[in-house]
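Asks: Sharing a structure below in structure tokens format, with a few things to ask.
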Amino acid sequence: MVVLGNVSAANLPYQNGVLKAIASGNCDLMGHRSFKISTSFKTRTRRRSSADPLQVVCVDIPRPELENTVNFLEAASLSASFRSAPRPAKPLKIVIAGAGLAGLSTAKYLADAGHKPLLLEARDVLGGKIAAWKDEDGDWYETGLHIFFGAYPNVQNLFGELGINDRLQWKEHSMIFAMPSKPGEFSRFDFPDVLPAPLNGIWAILRNNEMLTWPEKIKFAIGLLPAMVGGQAYVEAQDGLSVQDWMRKQAIPDRVTDEVFIAMSKALNFINPDELSMQCILIALNRFLQEKHGSKMAFLDGNPPERLCMPIVEHIRSLGGEVRLNSRIRKIELDENDGTVKSFLLTDGTTIQGDAYVFATPVDILKLLLPDSWKEIPYFKRLEKLVGVPVINVHIWFDRKLKNTYDHLLFSRSNLLSVYADMSLTCKEYYDPNKSMLELVFAPAEEWISRSDSDIIDATMKELERLFPDEISADQSKAKILKYHVVKTPRSVYKTIPDCEPCRPLQRSPIKGFYLAGDYTKQKYLASMEGAVLSGKFCSQSILQDYEMLAASGPQKLSEATVST
């Protein structure tokens, strides 16, 4: 969801320092310890009682009919396979590092299959890339602006399995773009509910005459024909081209990229079209055009740790699993005889042992903790190309209710901003009838990640002046900032540049008893919440397939997930 070159610890001095700090345990990649957010501009606050119930005040669209789609049924079948798996004679004790969606998903489905996961989270908050924190006023601020698409079948199944479908606030089936040439105005792509896919998407594009001309639409449609005819094989073959290069190869005018795909590239992977692999765009378009409700969006009705992550944790614990916070891994300790994992050593000196081990952290953290003897193994060596992209999430509370906005996700089409939303409208828990809270994704962020919060806010306000010309001025002569939070994530989802696909690992590693989960691992979705959940299911599936081997090797290890200090 910057430009010019691959991000790496070598060519980003600031991030290189961050990574060294992570290795020492002094901070973490997701930004909240060393990058704890300052609320340095605060003129007035409002305190909300933690006992206040969640207000149901936002007007939402009914949940779309997703259950009969091929992808939903496929995801449901995979979920059911864990619940129906034969109960193990000896439940495995699987130690999982990282309580983001990938780790939570892995633990959930292993528990469904009758095993005993122990999930370790380095920080004091659940969620990984969907983590959030409550400030002194009782207001939440998040790692990112999280959207749940209809084309997320494994995520949608997960909500249903947990009985929390009602926590998704569905919005009208539209994509809304700001118009840079007309400050304060927006252009919409509205998908009619009466038409099936792909006709509803085609209709939405044809009806919008503000962003693309008819000749541009025709050239774009002709350029897309090979992808529509060639299917998945064609999509995967485009991994070697950037969005910009592919568009030019297909003779699609640059203005199509400028008008639509800059915004789409930044929303999908936080980078611009000259860097993003075209495979990423084609996967998204494939889902959006082939599924009637694929591009329909929902917001979570509150903060992700409590409203999504805790129900997963409660489910895991109800089946005998365990989840621990503040359990940061210092070292992967190996067996001297065969080089397999002997234990995870935590920063507090605790040693954790089990029958199998899973790393469900971001890829950058995994690379930091890889044992030296593994680094030249091709499976792990290929990970060098996978590097997290920096992103910044900005929250600004204003002294008034802004009028020039929607109860929806908005594409800013700004040089500095990706997407944004007025969370006081879109989210029940954050609802406020009198004041707006804008949550904005600042991307690409490579050149800004080391800048001060005040610099970022100043730049954001200049962009908002264009989006809200009648209501916001950069000098605050109009709407006033009450407070703000800036969340910096130096390494977020992996940067999906060309030729990354061959480097994405399968969930089963070549090391016996060691597995990976995470949206960077091999699965058919993007670096996304859907990809994270699906990777957890694939990881769990690999462990179940290896059950006999893992159970047989149990006597060489401890029979339970054992803690020693």
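Residue names in the structure tokens use chain letters A, B, ... in the order shown, residue numbers from 1 in each chain, and ligand numbers from 1 in the order shown.
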Name the residues in contact with A:Phe82 at a cut-off of 6 Å, using only C-alpha atoms, excluding same-chain residues fewer than 3 positions from it; report them as a ChimeraX atom specification.
Replies: /A:79,85,112-113
Asks: Now that the selection is made, can you save its residues with C-alpha atoms as a PDB file, in the first residue's frame?
Replies:
```pdb
ATOM      1  CA  SER A  79     -10.690 -24.860   7.533  1.00  0.00           C
ATOM      2  CA  ALA A  85      -8.580 -34.370  11.151  1.00  0.00           C
ATOM      3  CA  ASP A 112      -8.512 -27.132  15.770  1.00  0.00           C
ATOM      4  CA  ALA A 113      -6.625 -30.266  14.708  1.00  0.00           C
TER       5      ALA A 113
END
```
Asks: Please compute the atom CA of A:Arg491-atom CA of A:Pro505 distance, one decimal, in Å.
Replies: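 If I compute the distance from atom CA of A:Arg491 to atom CA of A:Pro505, I get 18.5 Å.
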Asks: Which is closest to A:Asn326 among A:Asp519, A:Glu530, A:Glu501, A:Asp124, if we use only C-alpha atoms?
Replies: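 The shortest atom-to-atom distance to A:Asn326 comes from A:Asp124.
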Asks: Rank nothing, just name the residue among A:Phe149, A:Phe159, A:Arg413, A:Leu289 nearest to A:Val260, using only C-alpha atoms.
Replies: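 For A:Val260, the nearest of the candidates is A:Arg413.
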Asks: Where in stretch 335-388 of chain A does DSSP assign strand (DSSP E), given as a compact mmCIF listing (two decimals) with all heavy atoms, in the first residue's frame?
Replies:
```txt
# COMPACT_ATOMS: atom_id res chain seq x y z
N VAL A 341 16.34 -27.64 15.26
CA VAL A 341 16.09 -26.68 16.35
C VAL A 341 15.98 -27.44 17.67
O VAL A 341 15.19 -28.39 17.80
CB VAL A 341 14.82 -25.86 16.09
CG1 VAL A 341 14.58 -24.89 17.25
CG2 VAL A 341 14.93 -25.09 14.77
N LYS A 342 16.76 -27.00 18.63
CA LYS A 342 16.69 -27.58 19.97
C LYS A 342 15.75 -26.79 20.86
O LYS A 342 15.02 -27.36 21.68
CB LYS A 342 18.10 -27.61 20.59
CG LYS A 342 18.14 -28.22 21.99
CD LYS A 342 19.57 -28.30 22.53
CE LYS A 342 20.13 -26.92 22.82
NZ LYS A 342 21.47 -27.00 23.48
N SER A 343 15.76 -25.45 20.67
CA SER A 343 14.93 -24.60 21.52
C SER A 343 14.94 -23.17 21.00
O SER A 343 15.77 -22.81 20.14
CB SER A 343 15.42 -24.62 22.97
OG SER A 343 16.74 -24.08 23.04
N PHE A 344 14.03 -22.37 21.50
CA PHE A 344 14.06 -20.92 21.34
C PHE A 344 14.55 -20.33 22.65
O PHE A 344 13.98 -20.62 23.71
CB PHE A 344 12.67 -20.35 21.02
CG PHE A 344 12.18 -20.60 19.62
CD1 PHE A 344 10.85 -20.39 19.31
CD2 PHE A 344 13.04 -21.02 18.61
CE1 PHE A 344 10.37 -20.61 18.02
CE2 PHE A 344 12.59 -21.24 17.32
CZ PHE A 344 11.23 -21.03 17.03
N LEU A 345 15.59 -19.50 22.58
CA LEU A 345 16.09 -18.81 23.76
C LEU A 345 15.50 -17.40 23.76
O LEU A 345 15.66 -16.65 22.80
CB LEU A 345 17.62 -18.74 23.74
CG LEU A 345 18.27 -17.92 24.86
CD1 LEU A 345 18.02 -18.56 26.22
CD2 LEU A 345 19.78 -17.78 24.61
N LEU A 346 14.81 -17.04 24.85
CA LEU A 346 14.20 -15.72 24.96
C LEU A 346 15.18 -14.72 25.55
O LEU A 346 16.19 -15.08 26.15
CB LEU A 346 12.93 -15.79 25.81
CG LEU A 346 11.86 -16.81 25.39
CD1 LEU A 346 10.59 -16.61 26.21
CD2 LEU A 346 11.57 -16.72 23.91
N THR A 351 14.28 -20.68 28.17
CA THR A 351 14.42 -21.59 27.04
C THR A 351 13.09 -22.29 26.80
O THR A 351 12.49 -22.82 27.74
CB THR A 351 15.52 -22.64 27.31
OG1 THR A 351 16.78 -21.97 27.46
CG2 THR A 351 15.61 -23.62 26.16
N ILE A 352 12.63 -22.26 25.55
CA ILE A 352 11.35 -22.88 25.19
C ILE A 352 11.62 -24.03 24.23
O ILE A 352 12.27 -23.86 23.20
CB ILE A 352 10.40 -21.88 24.51
CG1 ILE A 352 10.25 -20.60 25.35
CG2 ILE A 352 9.05 -22.52 24.23
CD1 ILE A 352 9.48 -20.79 26.62
N GLN A 353 11.11 -25.23 24.57
CA GLN A 353 11.29 -26.40 23.74
C GLN A 353 9.94 -27.00 23.36
O GLN A 353 8.96 -26.87 24.10
CB GLN A 353 12.13 -27.46 24.46
CG GLN A 353 13.59 -27.03 24.68
CD GLN A 353 14.38 -28.09 25.38
OE1 GLN A 353 14.06 -28.47 26.50
NE2 GLN A 353 15.42 -28.59 24.73
N ALA A 356 7.85 -29.13 17.49
CA ALA A 356 8.06 -28.45 16.21
C ALA A 356 8.08 -26.95 16.48
O ALA A 356 7.60 -26.48 17.53
CB ALA A 356 6.97 -28.81 15.22
N TYR A 357 8.65 -26.22 15.53
CA TYR A 357 8.84 -24.77 15.72
C TYR A 357 8.40 -24.03 14.46
O TYR A 357 8.65 -24.47 13.33
CB TYR A 357 10.31 -24.46 15.99
CG TYR A 357 10.84 -25.15 17.24
CD1 TYR A 357 11.32 -26.46 17.19
CD2 TYR A 357 10.85 -24.49 18.47
CE1 TYR A 357 11.80 -27.09 18.32
CE2 TYR A 357 11.32 -25.12 19.61
CZ TYR A 357 11.80 -26.42 19.53
OH TYR A 357 12.27 -27.04 20.66
N VAL A 358 7.75 -22.89 14.67
CA VAL A 358 7.27 -22.06 13.58
C VAL A 358 7.73 -20.63 13.79
O VAL A 358 7.61 -20.09 14.91
CB VAL A 358 5.72 -22.08 13.49
CG1 VAL A 358 5.23 -21.14 12.39
CG2 VAL A 358 5.19 -23.49 13.28
N PHE A 359 8.26 -20.02 12.73
CA PHE A 359 8.56 -18.60 12.76
C PHE A 359 7.49 -17.89 11.94
O PHE A 359 7.40 -18.09 10.72
CB PHE A 359 9.96 -18.32 12.22
CG PHE A 359 10.86 -17.67 13.23
CD1 PHE A 359 11.28 -18.37 14.33
CD2 PHE A 359 11.27 -16.34 13.11
CE1 PHE A 359 12.10 -17.79 15.30
CE2 PHE A 359 12.08 -15.75 14.05
CZ PHE A 359 12.51 -16.47 15.15
```
Asks: I need the residue nearest A:Ile511 from this list: A:Leu126, A:Ala99, A:Leu370, A:Leu282. Use only C-alpha atoms for the distance.
Replies: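 When distances to A:Ile511 are compared using only C-alpha atoms, the smallest one comes from A:Leu370.
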Asks: Mind checking which residues fall within 9 Å of A:Phe398, counting only C-alpha atoms, ignoring those fewer than 6 positions away in the same chain, and posting them as an MDAnalysis selection string?
Replies: chainID A and resid 435:438 479:484
Asks: I need the residues from that last selection saved to file as a compact mmCIF listing (two decimals), in the first residue's frame (with all heavy atoms), if you can.
Replies:
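selection01.txt was written with the following content:
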```txt
# COMPACT_ATOMS: atom_id res chain seq x y z
N LYS A 435 -16.50 15.59 15.98
CA LYS A 435 -15.11 15.80 15.57
C LYS A 435 -14.66 14.66 14.65
O LYS A 435 -15.07 13.53 14.83
CB LYS A 435 -14.19 15.89 16.78
CG LYS A 435 -14.53 17.00 17.78
CD LYS A 435 -13.57 16.99 18.95
CE LYS A 435 -13.94 18.05 19.97
NZ LYS A 435 -15.22 17.72 20.65
N SER A 436 -13.80 15.01 13.72
CA SER A 436 -13.26 14.01 12.80
C SER A 436 -11.89 13.52 13.26
O SER A 436 -11.10 14.29 13.82
CB SER A 436 -13.13 14.59 11.39
OG SER A 436 -14.39 14.71 10.76
N MET A 437 -11.63 12.24 13.00
CA MET A 437 -10.28 11.69 13.17
C MET A 437 -9.91 11.05 11.84
O MET A 437 -10.50 10.06 11.42
CB MET A 437 -10.23 10.65 14.29
CG MET A 437 -8.80 10.19 14.61
SD MET A 437 -8.14 8.87 13.56
CE MET A 437 -8.72 7.43 14.46
N LEU A 438 -8.96 11.67 11.16
CA LEU A 438 -8.49 11.12 9.90
C LEU A 438 -7.34 10.16 10.17
O LEU A 438 -6.40 10.49 10.89
CB LEU A 438 -8.02 12.23 8.96
CG LEU A 438 -9.07 13.23 8.47
CD1 LEU A 438 -8.44 14.17 7.44
CD2 LEU A 438 -10.29 12.54 7.89
N ALA A 479 -9.59 24.33 10.32
CA ALA A 479 -9.67 23.25 11.31
C ALA A 479 -8.38 23.17 12.12
O ALA A 479 -7.28 23.28 11.58
CB ALA A 479 -9.93 21.93 10.61
N LYS A 480 -8.52 23.00 13.43
CA LYS A 480 -7.38 22.93 14.33
C LYS A 480 -7.10 21.48 14.72
O LYS A 480 -8.01 20.67 14.89
CB LYS A 480 -7.65 23.73 15.62
CG LYS A 480 -8.05 25.19 15.40
CD LYS A 480 -6.89 26.01 14.88
CE LYS A 480 -7.20 27.51 14.92
NZ LYS A 480 -8.35 27.88 14.07
N ILE A 481 -5.82 21.17 14.84
CA ILE A 481 -5.43 19.83 15.32
C ILE A 481 -5.54 19.80 16.83
O ILE A 481 -4.95 20.63 17.53
CB ILE A 481 -3.98 19.51 14.90
CG1 ILE A 481 -3.85 19.47 13.37
CG2 ILE A 481 -3.55 18.18 15.50
CD1 ILE A 481 -2.43 19.21 12.90
N LEU A 482 -6.29 18.83 17.33
CA LEU A 482 -6.34 18.62 18.77
C LEU A 482 -5.17 17.77 19.24
O LEU A 482 -4.57 18.04 20.28
CB LEU A 482 -7.66 17.92 19.16
CG LEU A 482 -8.95 18.70 18.88
CD1 LEU A 482 -10.14 17.87 19.31
CD2 LEU A 482 -8.93 20.04 19.62
N LYS A 483 -4.86 16.74 18.47
CA LYS A 483 -3.71 15.88 18.78
C LYS A 483 -3.45 15.00 17.57
O LYS A 483 -4.27 14.92 16.65
CB LYS A 483 -3.95 15.03 20.02
CG LYS A 483 -5.06 14.00 19.87
CD LYS A 483 -5.20 13.17 21.14
CE LYS A 483 -6.31 12.14 20.99
NZ LYS A 483 -6.46 11.31 22.20
N TYR A 484 -2.33 14.31 17.60
CA TYR A 484 -2.01 13.38 16.52
C TYR A 484 -1.14 12.26 17.04
O TYR A 484 -0.48 12.38 18.08
CB TYR A 484 -1.32 14.08 15.35
CG TYR A 484 0.03 14.71 15.65
CD1 TYR A 484 1.18 13.93 15.76
CD2 TYR A 484 0.15 16.09 15.81
CE1 TYR A 484 2.41 14.49 16.03
CE2 TYR A 484 1.38 16.67 16.08
CZ TYR A 484 2.51 15.87 16.18
OH TYR A 484 3.74 16.44 16.45
```
Asks: I'd like to know which residues of stretch 409-512 of chain A are helix (DSSP H, G or I) (by DSSP, run on the backbone); could you write them as a list in words?
Replies: Met423, Ser424, Leu425, Thr426, Asp453, Ser454, Asp455, Ile456, Ile457, Asp458, Ala459, Thr460, Met461, Lys462, Glu463, Leu464, Glu465, Arg466, Leu467, Glu501, Pro502 and Cys503 of chain A
Asks: Tell me, as a PDB file with C-alpha atoms, in the first residue's frame, which residues lie within 12 Å of A:Arg451, counting only C-alpha atoms; anything in the same chain fewer than 6 positions away does not count.
Replies:
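Final output, selection-v1.pdb:
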```pdb
ATOM      1  CA  TYR A  14      18.535   4.574   9.374  1.00  0.00           C
ATOM      2  CA  PHE A  35       9.344   4.409  17.597  1.00  0.00           C
ATOM      3  CA  ILE A 392       3.897   5.479   8.149  1.00  0.00           C
ATOM      4  CA  ALA A 445       7.733   6.453   3.167  1.00  0.00           C
ATOM      5  CA  ILE A 457       2.373  16.173  10.216  1.00  0.00           C
ATOM      6  CA  ASP A 458       3.320  19.429   8.471  1.00  0.00           C
ATOM      7  CA  ALA A 459       3.634  17.616   5.136  1.00  0.00           C
ATOM      8  CA  VAL A 486       2.391   8.978  13.963  1.00  0.00           C
ATOM      9  CA  LYS A 488       6.340   4.385  11.870  1.00  0.00           C
ATOM     10  CA  PRO A 490      10.461   0.672   9.234  1.00  0.00           C
TER      11      PRO A 490
END
```
Asks: Just the residues within 6 Å of stretch 407-409 of chain A, please, counting only C-alpha atoms, with nothing from its chain fewer than 4 positions along; format it as a PyMOL selection string.
Replies: chain A and resi 421+425-426
Asks: Residues of stretch 40-144 of chain A that have any atom at most 12 Å from an atom of stretch 295-311 of chain A: could you tabulate them with the shortest-distance atom pair and the distance in Å to one decimal, using only C-alpha atoms, ordered by chain and increasing number, as a Markdown table?
Replies:
```
| residue | atom | partner | partner_atom | distance |
| --- | --- | --- | --- | --- |
| A:Pro53 | CA | A:Gly302 | CA | 11.5 |
| A:Leu54 | CA | A:Gly302 | CA | 8.4 |
| A:Gln55 | CA | A:Asp301 | CA | 9.6 |
| A:Val56 | CA | A:Asp301 | CA | 9.0 |
| A:Val57 | CA | A:Asp301 | CA | 10.7 |
| A:Cys58 | CA | A:Asp301 | CA | 9.5 |
| A:Val59 | CA | A:Asp301 | CA | 11.8 |
| A:Asp60 | CA | A:Ala298 | CA | 9.1 |
| A:Ile61 | CA | A:Ala298 | CA | 9.1 |
| A:Pro62 | CA | A:Ala298 | CA | 10.4 |
| A:Arg63 | CA | A:Ala298 | CA | 9.0 |
| A:Pro64 | CA | A:Lys296 | CA | 8.4 |
| A:Glu65 | CA | A:Lys296 | CA | 11.1 |
| A:Leu66 | CA | A:Lys296 | CA | 10.7 |
| A:Ala99 | CA | A:Cys309 | CA | 8.7 |
| A:Gly100 | CA | A:Cys309 | CA | 8.3 |
| A:Leu101 | CA | A:Cys309 | CA | 7.7 |
| A:Ala102 | CA | A:Cys309 | CA | 11.1 |
| A:Gly103 | CA | A:Cys309 | CA | 10.7 |
| A:Leu104 | CA | A:Cys309 | CA | 7.6 |
| A:Ser105 | CA | A:Cys309 | CA | 9.8 |
| A:Ala107 | CA | A:Cys309 | CA | 11.9 |
| A:Lys108 | CA | A:Pro311 | CA | 10.3 |
| A:Asp124 | CA | A:Pro305 | CA | 10.8 |
| A:Val125 | CA | A:Pro305 | CA | 7.2 |
| A:Leu126 | CA | A:Pro305 | CA | 5.5 |
| A:Gly127 | CA | A:Pro305 | CA | 5.8 |
| A:Gly128 | CA | A:Pro305 | CA | 9.3 |
| A:Lys129 | CA | A:Pro304 | CA | 10.0 |
| A:Ile130 | CA | A:Pro304 | CA | 6.3 |
| A:Ala131 | CA | A:Pro305 | CA | 6.1 |
| A:Ala132 | CA | A:Asn303 | CA | 6.5 |
| A:Trp133 | CA | A:Asn303 | CA | 8.3 |
| A:Lys134 | CA | A:Asn303 | CA | 9.0 |
| A:Gly138 | CA | A:Asn303 | CA | 11.6 |
| A:Asp139 | CA | A:Asn303 | CA | 9.7 |
| A:Trp140 | CA | A:Asn303 | CA | 6.8 |
| A:Tyr141 | CA | A:Asn303 | CA | 8.2 |
| A:Glu142 | CA | A:Asn303 | CA | 7.6 |
| A:Thr143 | CA | A:Pro304 | CA | 9.8 |
| A:Gly144 | CA | A:Pro304 | CA | 10.3 |
```
Asks: My list of candidates is A:Leu110, A:Leu526, A:Ile329, A:Val229. Which is closest to A:Ser84 when distances are computed with only C-alpha atoms?
Replies: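 The answer is A:Leu110, which sits nearest to A:Ser84.
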Asks: Give the answer as one residue: which of A:Gln156, A:Lys524, A:Gln250, A:Glu67 has the shortest atom-to-atom distance to A:Asn286, using only C-alpha atoms?
Replies: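 Of A:Gln156, A:Lys524, A:Gln250, A:Glu67, the one nearest A:Asn286 is A:Lys524, counting only C-alpha atoms.
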Asks: For atom CA of A:Lys219 and atom CA of A:Pro253, quote the distance in Å rounded to one decimal.
Replies: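 Distance between the two atoms: 7.6 Å.
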